[in-house]
Each structure stands twice: as structure tokens, then as C-alpha cells.
file model_17.cif (mmCIF, C-alpha atoms)
data_coords
loop_
_atom_site.label_atom_id
_atom_site.label_comp_id
_atom_site.auth_asym_id
_atom_site.auth_seq_id
_atom_site.Cartn_x
_atom_site.Cartn_y
_atom_site.Cartn_z
CA MET L 1 88.48 -7.17 -32.33
CA GLN L 2 89.76 -10.00 -34.46
CA ILE L 3 92.26 -11.04 -37.12
CA TRP L 4 91.17 -11.77 -40.69
CA VAL L 5 93.38 -13.63 -43.18
CA ASP L 6 93.20 -13.33 -46.96
CA ALA L 7 93.97 -17.04 -46.94
CA ASP L 8 94.06 -18.14 -50.59
CA ALA L 9 97.64 -16.97 -51.09
CA CYS L 10 98.82 -16.78 -47.47
CA PRO L 11 101.80 -19.09 -46.91
CA LYS L 12 101.25 -22.00 -44.54
CA VAL L 13 104.12 -20.93 -42.30
CA ILE L 14 102.42 -17.55 -41.78
CA LYS L 15 99.10 -19.24 -41.00
CA ASP L 16 100.89 -21.40 -38.42
CA ILE L 17 102.33 -18.28 -36.75
CA LEU L 18 98.83 -16.78 -36.72
CA PHE L 19 97.27 -19.93 -35.22
CA ARG L 20 99.75 -19.86 -32.33
CA ALA L 21 99.31 -16.12 -31.79
CA ALA L 22 95.50 -16.33 -31.73
CA GLU L 23 95.62 -19.02 -29.07
CA ARG L 24 98.29 -17.19 -27.06
CA VAL L 25 96.36 -13.90 -26.83
CA GLY L 26 92.82 -15.28 -27.08
CA LEU L 27 91.94 -13.31 -30.20
CA PRO L 28 89.51 -14.71 -32.82
CA LEU L 29 91.14 -15.55 -36.16
CA THR L 30 89.17 -16.08 -39.37
CA LEU L 31 90.65 -17.32 -42.64
CA VAL L 32 88.69 -16.38 -45.77
CA ALA L 33 89.32 -18.26 -49.02
CA ASN L 34 87.57 -19.72 -52.04
CA GLN L 35 88.92 -23.17 -51.24
CA PRO L 36 88.87 -25.30 -48.08
CA ILE L 37 91.55 -24.16 -45.64
CA PRO L 38 92.56 -26.58 -42.89
CA THR L 39 92.52 -25.09 -39.40
CA PRO L 40 93.50 -26.57 -36.06
CA PRO L 41 90.71 -27.45 -33.66
CA SER L 42 90.09 -24.28 -31.67
CA ARG L 43 87.20 -22.20 -30.41
CA LEU L 44 89.09 -19.10 -31.69
CA ILE L 45 90.05 -20.20 -35.22
CA ARG L 46 87.64 -20.68 -38.10
CA SER L 47 87.56 -20.49 -41.86
CA ILE L 48 85.00 -19.11 -44.25
CA ARG L 49 84.80 -20.53 -47.74
CA VAL L 50 83.49 -18.11 -50.35
CA ALA L 51 82.47 -18.69 -53.96
CA PRO L 52 85.24 -18.67 -56.56
CA GLY L 53 85.75 -15.41 -58.36
CA PHE L 54 87.83 -12.30 -58.60
CA ASP L 55 88.01 -10.46 -55.25
CA VAL L 56 85.19 -12.51 -53.67
CA ALA L 57 87.28 -13.29 -50.57
CA ASP L 58 88.52 -9.69 -50.40
CA ASN L 59 84.97 -8.34 -50.58
CA GLU L 60 83.85 -10.71 -47.82
CA ILE L 61 86.68 -9.58 -45.55
CA VAL L 62 85.81 -5.91 -46.12
CA ARG L 63 82.12 -6.64 -45.51
CA LEU L 64 82.77 -8.39 -42.19
CA LEU L 65 85.63 -6.21 -40.97
CA ALA L 66 85.08 -3.99 -37.95
CA PRO L 67 87.18 -0.89 -37.22
CA GLY L 68 90.27 -1.92 -35.29
CA ASP L 69 90.46 -5.44 -36.78
CA LEU L 70 93.70 -6.68 -38.32
CA VAL L 71 93.83 -8.13 -41.84
CA ILE L 72 96.74 -10.22 -43.08
CA THR L 73 97.10 -9.76 -46.84
CA ALA L 74 99.60 -9.15 -49.60
CA ASP L 75 96.79 -7.63 -51.69
CA ILE L 76 97.42 -3.88 -51.73
CA PRO L 77 93.94 -2.83 -52.94
CA LEU L 78 92.42 -4.94 -50.15
CA ALA L 79 94.79 -3.32 -47.64
CA ALA L 80 93.67 0.12 -48.86
CA GLU L 81 90.00 -0.81 -48.32
CA VAL L 82 90.81 -2.16 -44.85
CA ILE L 83 92.55 1.07 -43.88
CA ALA L 84 89.70 3.16 -45.30
CA LYS L 85 87.28 1.19 -43.11
CA GLY L 86 89.37 1.79 -39.96
CA GLY L 87 91.17 -1.53 -39.86
CA HIS L 88 94.84 -2.44 -39.78
CA ALA L 89 96.69 -4.37 -42.50
CA LEU L 90 99.90 -6.38 -42.37
CA ASN L 91 101.48 -8.35 -45.18
CA PRO L 92 103.05 -11.81 -44.79
CA ARG L 93 106.55 -10.28 -44.93
CA GLY L 94 105.87 -8.13 -41.88
CA GLU L 95 105.24 -4.81 -43.62
CA ARG L 96 102.43 -2.82 -42.07
CA TYR L 97 100.23 -0.87 -44.45
CA THR L 98 99.29 2.51 -43.02
CA PRO L 99 97.36 5.59 -44.12
CA ASP L 100 100.79 7.18 -44.71
CA ASN L 101 102.16 4.50 -47.07
CA ILE L 102 99.15 2.90 -48.75
CA ARG L 103 98.77 5.49 -51.54
CA GLU L 104 102.41 5.00 -52.55
CA ARG L 105 101.97 1.20 -52.50
CA LEU L 106 98.86 1.46 -54.68
CA THR L 107 100.66 3.72 -57.15
CA MET L 108 103.61 1.33 -57.43
CA ARG L 109 101.28 -1.66 -57.78
CA ASP L 110 99.37 0.06 -60.60
CA PHE L 111 102.64 1.02 -62.31
CA MET L 112 103.92 -2.56 -62.18
CA ASP L 113 100.55 -3.82 -63.44
CA THR L 114 100.83 -1.44 -66.40
CA LEU L 115 104.33 -2.73 -67.18
CA ARG L 116 103.14 -6.34 -67.05
CA GLY L 117 100.16 -5.42 -69.25
CA SER L 118 102.54 -4.08 -71.89
CA GLY L 119 104.51 -7.33 -71.94
CA ILE L 120 107.40 -6.43 -69.65
CA ASP L 121 108.39 -9.21 -67.28
CA THR L 122 108.61 -7.58 -63.87
CA GLY L 123 109.28 -10.82 -62.02
CA GLY L 124 107.64 -11.34 -58.72
CA PRO L 125 108.51 -11.24 -55.08
CA PRO L 126 111.22 -13.62 -53.93
CA PRO L 127 110.14 -16.71 -52.00
CA LEU L 128 109.31 -16.16 -48.37
CA GLY L 129 112.48 -16.79 -46.39
CA PRO L 130 113.40 -17.13 -42.71
CA ARG L 131 113.98 -13.39 -42.34
CA ASP L 132 110.53 -12.68 -43.79
CA ARG L 133 108.92 -15.13 -41.37
CA GLN L 134 110.75 -13.52 -38.46
CA ALA L 135 109.81 -10.01 -39.64
CA PHE L 136 106.18 -11.09 -39.82
CA ALA L 137 106.23 -12.68 -36.36
CA ASN L 138 107.86 -9.54 -34.90
CA ALA L 139 105.39 -7.18 -36.61
CA LEU L 140 102.45 -9.31 -35.47
CA ASP L 141 103.72 -9.43 -31.89
CA SER L 142 104.20 -5.66 -31.92
CA TRP L 143 100.67 -5.10 -33.22
CA LEU L 144 99.22 -7.52 -30.69
CA ALA L 145 101.07 -5.82 -27.81
CA LYS L 146 99.49 -2.49 -28.79
CA HIS L 147 96.01 -3.62 -29.84
CA ALA L 148 95.03 -7.01 -28.40
CA PRO L 149 92.92 -7.00 -25.26
CA GLN L 150 95.14 -7.36 -22.22
CA GLU L 151 94.13 -9.66 -19.41
CA GLY L 152 93.99 -7.89 -16.08
CA PRO L 153 94.86 -9.27 -12.64
#
call {"tool": "encode", "arguments": {"input": "model_17.cif", "output": "C-alpha cells"}}
result
Amino acid sequence: MQIWVDADACPKVIKDILFRAAERVGLPLTLVANQPIPTPPSRLIRSIRVAPGFDVADNEIVRLLAPGDLVITADIPLAAEVIAKGGHALNPRGERYTPDNIRERLTMRDFMDTLRGSGIDTGGPPPLGPRDRQAFANALDSWLAKHAPQEGP
């Protein structure tokens, strides 16, 4: 089991939370991006640089993902593929994508994309704030408590 990060758009503060969590629980963490991503020196943390292009990083994550892995992404179509492959998905604001909510999220994403395509300014998400960071850290800790390998006595 490991954690994958759709790292091109992942905020640095979220990556820092993930770096600390990976070390704390001893879980491998891989950042996938089409640009160099700095990582701390660690036997658990690595980055994979993929070629530039639409969905190249997403496709690499899906290709390498094993059932039970966690993917950190704000990309709803990627989250849907992760869930379909038996993985778990969490966005940088702490919202967990599940089989129960992913269809609704995809529908809303497609609707907003249609509005933007017809020239309507839909705005974007607000900047990541302290509450978002805390929500992410709490959601990650909760997932890790349920899914990360526990060390025995």
C-alpha cells in the first residue's frame, strides 16, 4: 500500500503534510508530475517525472496504482478512475471521494465545464486556507488510522 500524489497542482503545504505523514507511519509516498518536484531526502518519498501533456501524470498514477492505495488529487475524473480500480481518493481540502459521491462530483464537474465552455465565468475554488489544511490533515490521519499498516508489539 502506498500514497500517490497528483503533484502538478498539489499545494506545497499539502505536500509538506504528506511528507511528515509518510515518515510517521512508514508508508511509501510517490509524487507524479510533468515537472521536477522537490522532495525531502527519504527512503519512503520519491517523485516520478512524466512527459508533458494532457492527463499524462493522471494516466501514470492509474497505471501504477494498486487496489487499496490512496491518491491525493483535486482532479475528479482521476479520482473516479482511482475508485474504479479499487483505490481511495482524497482531495487537498480533505474531501474523500467515494463510490457513493463520485458520480455526483463528475456530473457537477461536467456541468461547470459546459458553463465555462459557453463563456460563463464560474470562478474557481477559493485559495486554500488554514481550515482546508486542517481538514486535509484530519482526513489523512483518519484514513491512515484505518488503512495504514499498524506496527505490532
call {"tool": "resolve_selection", "arguments": {"input": "model_17.cif", "expression": "the PyMOL selection byres ((chain L and resi 70-73) around 7)", "output": "list in words"}}
result
Gln2, Ile3, Trp4, Val5, Asp6, Gly68, Asp69, Ala74, Asp75, Ala79, Gly87, His88, Ala89, Leu90, Asn91 and Pro92 of chain L
call {"tool": "resolve_selection", "arguments": {"input": "model_17.cif", "expression": "the PyMOL selection byres ((chain L and resi 11-22) around 9)", "output": "list of chain:residue names"}}
result
L:Gln2, L:Ile3, L:Val5, L:Ala7, L:Asp8, L:Ala9, L:Cys10, L:Glu23, L:Arg24, L:Val25, L:Gly26, L:Leu27, L:Pro28, L:Leu29, L:Leu31, L:Thr39, L:Pro40, L:Leu44, L:Ile45, L:Pro92, L:Arg93, L:Leu128, L:Arg133, L:Phe136, L:Ala137, L:Leu140, L:Asp141, L:Leu144
call {"tool": "atom_distance", "arguments": {"input": "model_17.cif", "atom1": "CA of Arg103 in chain L", "atom2": "CA of Gly117 in chain L"}}
result
20.8 Å
call {"tool": "closest_residue", "arguments": {"input": "model_17.cif", "among": "L:Val82, L:Val62, L:Pro41, L:Ala148", "to": "Pro99 in chain L", "atoms": "all atoms listed in the file"}}
result
L:Val82
call {"tool": "axis_aligned_box", "arguments": {"input": "model_17.cif", "around": "range 56-63 of chain L", "padding_each_side": "3 Å", "output": "lines of an AutoDock Vina configuration file"}}
result
center_x = 85.3
center_y = -9.6
center_z = -49.6
size_x = 12.4
size_y = 13.4
size_z = 14.2
call {"tool": "atom_distance", "arguments": {"input": "model_17.cif", "atom1": "CA of Leu78 in chain L", "atom2": "CA of Arg43 in chain L"}}
result
26.7 Å
call {"tool": "build_atoms", "arguments": {"input": "model_17.cif", "residues": "range 4-30 of chain L", "atoms": "N, CA and C atoms", "output": "CSV table (one decimal), in the frame of the given file"}}
result
chain,number,residue,atom,x,y,z
L,4,TRP,N,91.7,-11.2,-39.5
L,4,TRP,CA,91.2,-11.8,-40.7
L,4,TRP,C,92.4,-12.1,-41.6
L,5,VAL,N,92.3,-13.2,-42.3
L,5,VAL,CA,93.4,-13.6,-43.2
L,5,VAL,C,92.8,-13.8,-44.6
L,6,ASP,N,93.5,-13.1,-45.5
L,6,ASP,CA,93.2,-13.3,-47.0
L,6,ASP,C,94.0,-14.6,-47.3
L,7,ALA,N,93.3,-15.8,-47.1
L,7,ALA,CA,94.0,-17.0,-46.9
L,7,ALA,C,94.3,-17.8,-48.2
L,8,ASP,N,93.8,-17.4,-49.4
L,8,ASP,CA,94.1,-18.1,-50.6
L,8,ASP,C,95.6,-18.2,-50.9
L,9,ALA,N,96.2,-17.0,-50.7
L,9,ALA,CA,97.6,-17.0,-51.1
L,9,ALA,C,98.6,-16.8,-49.9
L,10,CYS,N,98.0,-16.9,-48.7
L,10,CYS,CA,98.8,-16.8,-47.5
L,10,CYS,C,99.6,-18.0,-47.3
L,11,PRO,N,101.0,-17.9,-47.1
L,11,PRO,CA,101.8,-19.1,-46.9
L,11,PRO,C,101.4,-19.8,-45.6
L,12,LYS,N,101.6,-21.2,-45.7
L,12,LYS,CA,101.2,-22.0,-44.5
L,12,LYS,C,102.0,-21.6,-43.3
L,13,VAL,N,103.3,-21.3,-43.5
L,13,VAL,CA,104.1,-20.9,-42.3
L,13,VAL,C,103.6,-19.7,-41.6
L,14,ILE,N,103.0,-18.8,-42.4
L,14,ILE,CA,102.4,-17.6,-41.8
L,14,ILE,C,101.1,-17.9,-41.1
L,15,LYS,N,100.3,-18.8,-41.7
L,15,LYS,CA,99.1,-19.2,-41.0
L,15,LYS,C,99.4,-19.9,-39.7
L,16,ASP,N,100.5,-20.7,-39.7
L,16,ASP,CA,100.9,-21.4,-38.4
L,16,ASP,C,101.3,-20.4,-37.3
L,17,ILE,N,102.0,-19.3,-37.7
L,17,ILE,CA,102.3,-18.3,-36.8
L,17,ILE,C,101.0,-17.6,-36.2
L,18,LEU,N,100.1,-17.4,-37.1
L,18,LEU,CA,98.8,-16.8,-36.7
L,18,LEU,C,98.0,-17.7,-35.8
L,19,PHE,N,98.0,-19.0,-36.1
L,19,PHE,CA,97.3,-19.9,-35.2
L,19,PHE,C,97.8,-19.9,-33.8
L,20,ARG,N,99.1,-19.9,-33.7
L,20,ARG,CA,99.8,-19.9,-32.3
L,20,ARG,C,99.5,-18.5,-31.6
L,21,ALA,N,99.5,-17.4,-32.4
L,21,ALA,CA,99.3,-16.1,-31.8
L,21,ALA,C,97.9,-16.0,-31.3
L,22,ALA,N,96.9,-16.4,-32.1
L,22,ALA,CA,95.5,-16.3,-31.7
L,22,ALA,C,95.2,-17.1,-30.4
L,23,GLU,N,95.8,-18.2,-30.3
L,23,GLU,CA,95.6,-19.0,-29.1
L,23,GLU,C,96.3,-18.3,-27.9
L,24,ARG,N,97.5,-17.8,-28.1
L,24,ARG,CA,98.3,-17.2,-27.1
L,24,ARG,C,97.6,-16.0,-26.5
L,25,VAL,N,97.0,-15.1,-27.3
L,25,VAL,CA,96.4,-13.9,-26.8
L,25,VAL,C,94.8,-14.0,-26.7
L,26,GLY,N,94.3,-15.1,-27.2
L,26,GLY,CA,92.8,-15.3,-27.1
L,26,GLY,C,92.0,-14.4,-28.0
L,27,LEU,N,92.6,-14.2,-29.2
L,27,LEU,CA,91.9,-13.3,-30.2
L,27,LEU,C,91.4,-14.2,-31.3
L,28,PRO,N,90.1,-13.9,-31.7
L,28,PRO,CA,89.5,-14.7,-32.8
L,28,PRO,C,90.3,-14.5,-34.1
L,29,LEU,N,90.4,-15.6,-34.9
L,29,LEU,CA,91.1,-15.6,-36.2
L,29,LEU,C,90.2,-16.2,-37.2
L,30,THR,N,90.0,-15.5,-38.3
L,30,THR,CA,89.2,-16.1,-39.4
L,30,THR,C,89.9,-16.0,-40.7
